[in-house]
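Structure first, commentary second.
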Amino acid sequence: MPRCAAPAAMPVNVFREMAMQLTINGQSHQVDIEPDTPLLWVLRDTLGLTGTKYGCGLAQCGACTVLIDGQATRACVTPVESVAGTEIVTIEAITGDAEGRRVVEAWVDHQVPQCGYCQSGQVMAATALLKQTPQPTEEDIAAAMINLCRCGTYNAIASAVRQAAKA
Amino acid sequence: MNDMTPINASQNSDGQAGLLNLSRRRFLGVSAGALVLGVALPSGAGRALAQAAAPAVVAGTRVNAYIEIRPDSTVLFRSAFIEGGQGIFTAMAQIVGEELDVDPARFVVEAAPPGPDYLLIGGFRFTGGSMSVRMSYEKMRKLGASARLMVMQAAAARMNVPVPELTTEPGRVLHAASGRALSYGELAQDAAALAVPADAPLRAKSDFRWIGKPLARLDVRDKSTGKAKYAIDLRVDGMLYAAVQHARHLGAEPHTITNEAQVLAMPGVHSVHRLPGAVGVVADSWWRARRAAESLQVTWAAAPQGTRGAMPEDYSTERHREGLKAMTGDGLEAEASGDTTKALASAKTIIEATYDAPHLAHAQLEPPSALARWNDDGTLELWAPNQAPEMFQGAAAKVAGIDPSRVIIHSPLLGGFFGRHFFYASANPFPQAILLSKAVGKPVKLVWSREEEFLRDALRPMAVARFRAGLDEKGMPVALSAIAVGEGATGRWFGRQPDKVDSSAVEGIAGKLYAIPNHRVGHIHVDDPAVIGFWRSVGHSMNDFFYETFFDEMADAGKQDPYDLRHRLLAESPRQRKLLEAVADLSGGWKRGPYQAEDGTRRARGVAMASPFGIEVATIAEVSLRGEETVVHQVWVAVDPGSIVNPAIVEAQINSAVAIGLSIALMEEVVYEEGVPRARNYDGYPILPPDRMPKVHVRIVESGAPMGGIGEPGVPGVPPAVVNALAVLTGRRARSLPLSRASLAGSI
Ligand code: FES
Ligand code: FES
């Protein structure tokens, strides 16, 4: 059973805070936190960047997708210590990015979001795809756009990615 | 919500019986309206509602409760309905903007606070049952028209001219004779001080500029740039975070915590708390709270044997299903025509089948949360995802031990809902947040981890249906007996009357329009040990699967094409027959298959009809097999919602419904063993991933029938259309969902 309470296995005295330097959306932040804290919670709770969402905490859904050095990364399973020294980009800075702007415009044109909860992650995944593969094939799109959407916006997502790639 | 709840002629938003779903009313009887709903409400909510319903306020009429025109002529609109992706905020702006004469794009829409002005659903308020637009459409138009007239009256006074000399264009009042104009913003204050006129004229339908048009949704840019705020994102000054560890079995209580001191020493931990059925940790970040909550070593005291609502420690969904299947008898009659017993006895051919569908989780992507703050004046402020602010207000007041009027409810955007955010007692985090905030004397935001959510969600009930049909010598169905077995969500939450059928348990088996001369629908109630709730399209989500799949069995047994048989049996139902033809046409003409597609795959098609929530839907699915896996290539949906507000929203909602309908056909199932759900995250409870999404084609047929709701009706037709197609390919019938449980080669 995944992540159910497993009290006996969890030693409670190993968590110690550590000072770390993070570069997020071009800005430098110093955080004092347990080094194994998932980046997601540093973003959301420590820094108040709540555009990045929590859906599963288990690398299942992709709602927490951010860019680490341009790569789509699931922040819920990324220990913060592993990203010290990298360039972290979150949805809050998406329109400061050329591909990101194109993706957002395509998202608006295709009216992609429904509840919208998964869409930060979807937009980040699409942006990462276009950064790595400016002219993606259908297979590239299918391979990159694997985040879950309970509202079933998948067809609109695929159309929007195609448009952003052409733009 | 199901079909039953809104049915009360006197309470309709426009007072027209025409809005009612007559086919259902016939068997529900007149007592099944909102009054029944009212007496059965939990007392806290009842009190809040009674108070809210206090004298003189007629819901949906007081302009100032809804509309605030701001100095820049933009409109702040307070919606009685909550936005969760169904586009209701945009639809409200279209309806009100049309009559007010303000471009919907100039609207800012937010969820209204609790209050008598917003009780638009037969004296109640909730967002569900696909009722928002259909129950409020006329009222909201009138409201917009009244507001426009008030602005014109203010302009008339200001310009010192009679109102009839004035006209409006979006956001401005014009006096053509003098060439003067005033913006709405300039007039707003004066207008707000006026009495609401009783007789504001409505715009002619032919003059609509925004209603009925595929307008862009208002929140799309914010939702594409991470700016949209959900309950889980909120933060107030001085707030602490909380996480809980629930008892594995609902009803058990925390007994001892053996490592409390160590957990208290973990970084950032503020305090540890015993809660009803759970332990909670308050900390300075949610991750710390969660890690600490999961580290707590708790021994639990089991609920005393026979405690109502407690989860039996030996409960298994598999055994529950076998129990439902083993029920015999005809049950309470929900609907009947002719003499089914006699007709079955004299039929040429008899066919029988038993179907079942599992419990389902809502699996909305935003885990539930609640933020509670006790203010200095003794009021309690609560931000919580909810589909029914007044019900939450009443329930929160009870937990807090204060009067409902002292509870301030905020209703943030919902990160998906599908029925998840009604009041379900143990399935809502807000009672815990209230207690924790009280205990620590600070605002507390409680978030349930995905794992705690899967442990405590209110599930779509499990159900079984037993069919027995008789065919004549020509292979035509002459008699059909259908017995639904299980428990309905409406009965669970709004009081079940033992001598009456809960319509939420039979809708989709009852209410079918095929002309089968003798038929009877019965229901056998069996308590569901799980916490059950409303799930997108409620009873239809399983019952249309049962019925429409068995329909194909009847067709096959009678050597009839399933499309042709539907067409024949709908001869007396022109609206449905036309829709069936429309979906066939949309798909390029009906062909069942199997046939070879261009890519070499062997494909087949299935068709299904459904009549949920005042809407008619016809669905065709195209399916092939890849090894053992069902591949759905395309789904065609013809939908007749009567009339519509925004075709782009309808199309988006149908896409969404196809996704979730396919997801439950293919892969969703909550499995309990020893009283515990096996899956606690999406790894164990998969939902439809992008690579299994079919192409979706939608045709909207506006028959002009009374307006129906659009959030749910696309769901029920998908599983039967897929399973009917699959049967053509495999030659075998899948009678149990999801398809992933049964090997295609094996038990179907
Ligand atoms: S929250 Fe990170 S993948 Fe789901
Ligand atoms: S838009 Fe709701 S989960 Fe994707």
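We name chains A, B, ... following the order of the structure tokens; residues begin at 1 in each chain, and ligands are numbered from 1 as shown.
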Next item on the list: Would you list the residues that come within 9 Å of ligand 2? Count only C-alpha atoms and all ligand atoms and give the answer as number ranges by chain.
Entry: A: 63, 112-119, 122, 147-154; B: 84-85, 223, 364-366, 414-417
Note to self: Can you tell me which residues surround segment 64-66 of chain B at a distance of at most 7 Å, considering only C-alpha atoms, apart from same-chain residues fewer than 5 positions away, and format the answer as a PyMOL selection string?
What the structure shows: chain B and resi 77-79+117+192
Notebook entry, point to check: For chain B, which residue among A:Thr46, A:Ser28, A:Thr133, A:Gln71 is the nearest when counting only C-alpha atoms?
Noted result: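 Going through A:Thr46, A:Ser28, A:Thr133, A:Gln71 one by one, the smallest distance to chain B is for A:Thr46.
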Name the residues of chain A that fall into strand (DSSP E) according to DSSP on the backbone, using the chain letters and numbers of this document, as a PDB file with N, CA, C and O atoms, in the first residue's frame.
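See selection-v8.pdb below for the written result:
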```
ATOM      1  N   MET A  18      18.520  22.643   7.138  1.00  0.00           N
ATOM      2  CA  MET A  18      19.781  22.966   6.501  1.00  0.00           C
ATOM      3  C   MET A  18      19.545  24.217   5.659  1.00  0.00           C
ATOM      4  O   MET A  18      18.467  24.389   5.109  1.00  0.00           O
ATOM      5  N   ALA A  19      20.516  25.076   5.586  1.00  0.00           N
ATOM      6  CA  ALA A  19      20.356  26.278   4.760  1.00  0.00           C
ATOM      7  C   ALA A  19      20.694  25.950   3.313  1.00  0.00           C
ATOM      8  O   ALA A  19      21.678  25.270   3.039  1.00  0.00           O
ATOM      9  N   MET A  20      19.830  26.404   2.409  1.00  0.00           N
ATOM     10  CA  MET A  20      20.054  26.115   0.995  1.00  0.00           C
ATOM     11  C   MET A  20      19.752  27.342   0.155  1.00  0.00           C
ATOM     12  O   MET A  20      18.888  28.138   0.493  1.00  0.00           O
ATOM     13  N   GLN A  21      20.447  27.429  -0.955  1.00  0.00           N
ATOM     14  CA  GLN A  21      20.262  28.538  -1.893  1.00  0.00           C
ATOM     15  C   GLN A  21      19.511  28.011  -3.115  1.00  0.00           C
ATOM     16  O   GLN A  21      19.926  27.042  -3.721  1.00  0.00           O
ATOM     17  N   LEU A  22      18.393  28.626  -3.445  1.00  0.00           N
ATOM     18  CA  LEU A  22      17.612  28.175  -4.603  1.00  0.00           C
ATOM     19  C   LEU A  22      17.434  29.322  -5.582  1.00  0.00           C
ATOM     20  O   LEU A  22      17.254  30.469  -5.162  1.00  0.00           O
ATOM     21  N   THR A  23      17.474  28.995  -6.864  1.00  0.00           N
ATOM     22  CA  THR A  23      17.184  30.015  -7.881  1.00  0.00           C
ATOM     23  C   THR A  23      15.845  29.693  -8.513  1.00  0.00           C
ATOM     24  O   THR A  23      15.701  28.687  -9.222  1.00  0.00           O
ATOM     25  N   ILE A  24      14.874  30.515  -8.213  1.00  0.00           N
ATOM     26  CA  ILE A  24      13.509  30.254  -8.679  1.00  0.00           C
ATOM     27  C   ILE A  24      13.027  31.449  -9.484  1.00  0.00           C
ATOM     28  O   ILE A  24      13.035  32.579  -8.990  1.00  0.00           O
ATOM     29  N   GLN A  27      15.169  34.424  -9.437  1.00  0.00           N
ATOM     30  CA  GLN A  27      15.487  35.080  -8.169  1.00  0.00           C
ATOM     31  C   GLN A  27      16.106  34.085  -7.210  1.00  0.00           C
ATOM     32  O   GLN A  27      15.723  32.921  -7.170  1.00  0.00           O
ATOM     33  N   SER A  28      17.015  34.613  -6.407  1.00  0.00           N
ATOM     34  CA  SER A  28      17.694  33.752  -5.458  1.00  0.00           C
ATOM     35  C   SER A  28      16.944  33.762  -4.121  1.00  0.00           C
ATOM     36  O   SER A  28      16.507  34.804  -3.654  1.00  0.00           O
ATOM     37  N   HIS A  29      16.750  32.577  -3.549  1.00  0.00           N
ATOM     38  CA  HIS A  29      16.061  32.465  -2.256  1.00  0.00           C
ATOM     39  C   HIS A  29      16.907  31.614  -1.331  1.00  0.00           C
ATOM     40  O   HIS A  29      17.431  30.579  -1.732  1.00  0.00           O
ATOM     41  N   GLN A  30      16.977  32.038  -0.093  1.00  0.00           N
ATOM     42  CA  GLN A  30      17.654  31.206   0.915  1.00  0.00           C
ATOM     43  C   GLN A  30      16.573  30.529   1.757  1.00  0.00           C
ATOM     44  O   GLN A  30      15.662  31.202   2.262  1.00  0.00           O
ATOM     45  N   VAL A  31      16.616  29.218   1.845  1.00  0.00           N
ATOM     46  CA  VAL A  31      15.634  28.537   2.697  1.00  0.00           C
ATOM     47  C   VAL A  31      16.351  27.667   3.728  1.00  0.00           C
ATOM     48  O   VAL A  31      17.386  27.073   3.440  1.00  0.00           O
ATOM     49  N   ASP A  32      15.769  27.633   4.918  1.00  0.00           N
ATOM     50  CA  ASP A  32      16.269  26.749   5.982  1.00  0.00           C
ATOM     51  C   ASP A  32      15.255  25.639   6.156  1.00  0.00           C
ATOM     52  O   ASP A  32      14.177  25.867   6.689  1.00  0.00           O
ATOM     53  N   ILE A  33      15.613  24.457   5.710  1.00  0.00           N
ATOM     54  CA  ILE A  33      14.587  23.413   5.698  1.00  0.00           C
ATOM     55  C   ILE A  33      15.236  22.047   5.656  1.00  0.00           C
ATOM     56  O   ILE A  33      16.410  21.918   5.275  1.00  0.00           O
ATOM     57  N   THR A  65       4.229  19.811 -11.852  1.00  0.00           N
ATOM     58  CA  THR A  65       5.338  19.922 -12.807  1.00  0.00           C
ATOM     59  C   THR A  65       5.948  21.319 -12.832  1.00  0.00           C
ATOM     60  O   THR A  65       5.238  22.317 -12.954  1.00  0.00           O
ATOM     61  N   VAL A  66       7.266  21.378 -12.700  1.00  0.00           N
ATOM     62  CA  VAL A  66       8.022  22.629 -12.843  1.00  0.00           C
ATOM     63  C   VAL A  66       9.176  22.351 -13.808  1.00  0.00           C
ATOM     64  O   VAL A  66       9.401  21.204 -14.203  1.00  0.00           O
ATOM     65  N   LEU A  67       9.885  23.408 -14.187  1.00  0.00           N
ATOM     66  CA  LEU A  67      11.064  23.215 -15.016  1.00  0.00           C
ATOM     67  C   LEU A  67      12.312  23.276 -14.138  1.00  0.00           C
ATOM     68  O   LEU A  67      12.482  24.210 -13.363  1.00  0.00           O
ATOM     69  N   ILE A  68      13.148  22.265 -14.254  1.00  0.00           N
ATOM     70  CA  ILE A  68      14.461  22.287 -13.620  1.00  0.00           C
ATOM     71  C   ILE A  68      15.473  22.298 -14.764  1.00  0.00           C
ATOM     72  O   ILE A  68      15.543  21.322 -15.518  1.00  0.00           O
ATOM     73  N   GLN A  71      13.917  21.196 -17.921  1.00  0.00           N
ATOM     74  CA  GLN A  71      13.294  19.871 -17.983  1.00  0.00           C
ATOM     75  C   GLN A  71      12.039  19.823 -17.122  1.00  0.00           C
ATOM     76  O   GLN A  71      12.063  20.252 -15.976  1.00  0.00           O
ATOM     77  N   ALA A  72      10.970  19.240 -17.666  1.00  0.00           N
ATOM     78  CA  ALA A  72       9.756  19.044 -16.871  1.00  0.00           C
ATOM     79  C   ALA A  72      10.065  18.076 -15.726  1.00  0.00           C
ATOM     80  O   ALA A  72      10.584  16.981 -15.955  1.00  0.00           O
ATOM     81  N   THR A  73       9.754  18.515 -14.514  1.00  0.00           N
ATOM     82  CA  THR A  73      10.123  17.738 -13.334  1.00  0.00           C
ATOM     83  C   THR A  73       8.970  17.748 -12.338  1.00  0.00           C
ATOM     84  O   THR A  73       8.344  18.786 -12.142  1.00  0.00           O
ATOM     85  N   ARG A  74       8.703  16.612 -11.732  1.00  0.00           N
ATOM     86  CA  ARG A  74       7.609  16.538 -10.765  1.00  0.00           C
ATOM     87  C   ARG A  74       8.125  16.928  -9.387  1.00  0.00           C
ATOM     88  O   ARG A  74       8.866  16.191  -8.745  1.00  0.00           O
ATOM     89  N   GLU A  87      18.387  26.007 -12.204  1.00  0.00           N
ATOM     90  CA  GLU A  87      17.407  27.047 -12.539  1.00  0.00           C
ATOM     91  C   GLU A  87      16.017  26.441 -12.428  1.00  0.00           C
ATOM     92  O   GLU A  87      15.660  25.559 -13.204  1.00  0.00           O
ATOM     93  N   ILE A  88      15.264  26.919 -11.478  1.00  0.00           N
ATOM     94  CA  ILE A  88      13.904  26.406 -11.295  1.00  0.00           C
ATOM     95  C   ILE A  88      12.923  27.428 -11.871  1.00  0.00           C
ATOM     96  O   ILE A  88      13.013  28.613 -11.556  1.00  0.00           O
ATOM     97  N   VAL A  89      12.030  26.977 -12.723  1.00  0.00           N
ATOM     98  CA  VAL A  89      11.001  27.882 -13.257  1.00  0.00           C
ATOM     99  C   VAL A  89       9.632  27.313 -12.918  1.00  0.00           C
ATOM    100  O   VAL A  89       9.364  26.127 -13.157  1.00  0.00           O
TER     101      VAL A  89
END
```
Notebook entry, point to check: Hey, which residues come within 7 Å of ligand 1 if we count only C-alpha atoms and all ligand atoms? Could you give them as number ranges by chain?
Noted result: A: 53-65, 74-77
Please, could you write that set of residues out with N, CA, C and O atoms as a compact mmCIF listing (two decimals), in the first residue's frame?
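Listed below is the output, selection.txt:
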```txt
# COMPACT_ATOMS: atom_id res chain seq x y z
N LYS A 53 0.80 22.86 -8.23
CA LYS A 53 -0.26 22.18 -7.46
C LYS A 53 0.17 20.84 -6.89
O LYS A 53 1.02 20.15 -7.45
N TYR A 54 -0.50 20.47 -5.82
CA TYR A 54 -0.37 19.15 -5.22
C TYR A 54 -1.57 18.31 -5.64
O TYR A 54 -2.71 18.70 -5.41
N GLY A 55 -1.30 17.17 -6.29
CA GLY A 55 -2.40 16.30 -6.66
C GLY A 55 -2.28 14.93 -6.01
O GLY A 55 -3.25 14.38 -5.51
N CYS A 56 -1.05 14.38 -6.01
CA CYS A 56 -0.89 13.00 -5.53
C CYS A 56 0.33 12.83 -4.63
O CYS A 56 0.36 11.94 -3.80
N GLY A 57 1.34 13.65 -4.83
CA GLY A 57 2.55 13.52 -4.01
C GLY A 57 3.38 12.29 -4.35
O GLY A 57 4.31 11.94 -3.62
N LEU A 58 3.07 11.64 -5.43
CA LEU A 58 3.66 10.33 -5.71
C LEU A 58 4.09 10.19 -7.17
O LEU A 58 4.17 9.09 -7.69
N ALA A 59 4.30 11.30 -7.84
CA ALA A 59 4.71 11.27 -9.26
C ALA A 59 3.70 10.56 -10.15
O ALA A 59 4.06 9.98 -11.16
N GLN A 60 2.45 10.62 -9.78
CA GLN A 60 1.40 9.97 -10.57
C GLN A 60 0.68 10.92 -11.51
O GLN A 60 0.22 10.52 -12.57
N CYS A 61 0.49 12.18 -11.10
CA CYS A 61 -0.46 13.03 -11.82
C CYS A 61 0.17 14.17 -12.62
O CYS A 61 -0.39 14.60 -13.62
N GLY A 62 1.28 14.69 -12.15
CA GLY A 62 1.94 15.77 -12.88
C GLY A 62 1.44 17.17 -12.55
O GLY A 62 1.90 18.14 -13.15
N ALA A 63 0.53 17.31 -11.61
CA ALA A 63 0.02 18.64 -11.26
C ALA A 63 1.12 19.55 -10.73
O ALA A 63 1.01 20.77 -10.78
N CYS A 64 2.21 18.94 -10.25
CA CYS A 64 3.27 19.69 -9.60
C CYS A 64 4.44 19.98 -10.54
O CYS A 64 5.53 20.35 -10.09
N THR A 65 4.23 19.81 -11.85
CA THR A 65 5.34 19.92 -12.81
C THR A 65 5.95 21.32 -12.83
O THR A 65 5.24 22.32 -12.95
N ARG A 74 8.70 16.61 -11.73
CA ARG A 74 7.61 16.54 -10.76
C ARG A 74 8.13 16.93 -9.39
O ARG A 74 8.87 16.19 -8.75
N ALA A 75 7.71 18.10 -8.96
CA ALA A 75 8.28 18.71 -7.75
C ALA A 75 7.89 17.97 -6.49
O ALA A 75 8.55 18.10 -5.46
N CYS A 76 6.83 17.16 -6.55
CA CYS A 76 6.37 16.50 -5.32
C CYS A 76 7.31 15.38 -4.88
O CYS A 76 7.24 14.94 -3.74
N VAL A 77 8.15 14.89 -5.80
CA VAL A 77 9.09 13.83 -5.43
C VAL A 77 10.54 14.27 -5.65
O VAL A 77 11.43 13.45 -5.77
```
Notebook entry, point to check: Residues of segment 653-707 of chain B in alpha helix (DSSP H) according to DSSP, as number ranges by chain?
Noted result: B: 653-666
Check: In Å to one decimal, how far is atom CA of Arg406 of chain B from atom CA of Gln393 of chain B?
Finding: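 Between these atoms lies a distance of 9.0 Å.
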Note to self: Env of Asp109 of chain A: 10 Å cut, atoms = only C-alpha atoms, seq-sep filter 4 positions within chain, self excluded. Answer as a list in words.
What the structure shows: Val103, Val104, Glu105, Ala156, Ser159, Ala160 and Gln163 of chain A; Ala216, Val220 and Arg221 of chain B
Checklist line | Nearest residue to Phe126 of chain B from the set B:Asp376, B:Glu169, B:Asp339, B:Glu390 (distances using only C-alpha atoms) | finding: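 Closest to Phe126 of chain B of all the choices is B:Glu390.
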Margin query: Applying 12 Å and only C-alpha atoms, which residues near Val63 of chain B remain after dropping the ones on its own chain fewer than 6 positions away? List them as a VMD selection string.
Written below: chain B and resid 57 69 76 to 79 96 100 117 to 118 139 to 151 188 191 to 198
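Note that atom CA of Pro162 of chain B and atom CA of Pro104 of chain B are 27.9 Å apart.
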Check: Which is closest to chain A among B:Ala621, B:Ile257, B:Ala721, B:Ala177, if we use only C-alpha atoms?
Finding: B:Ile257
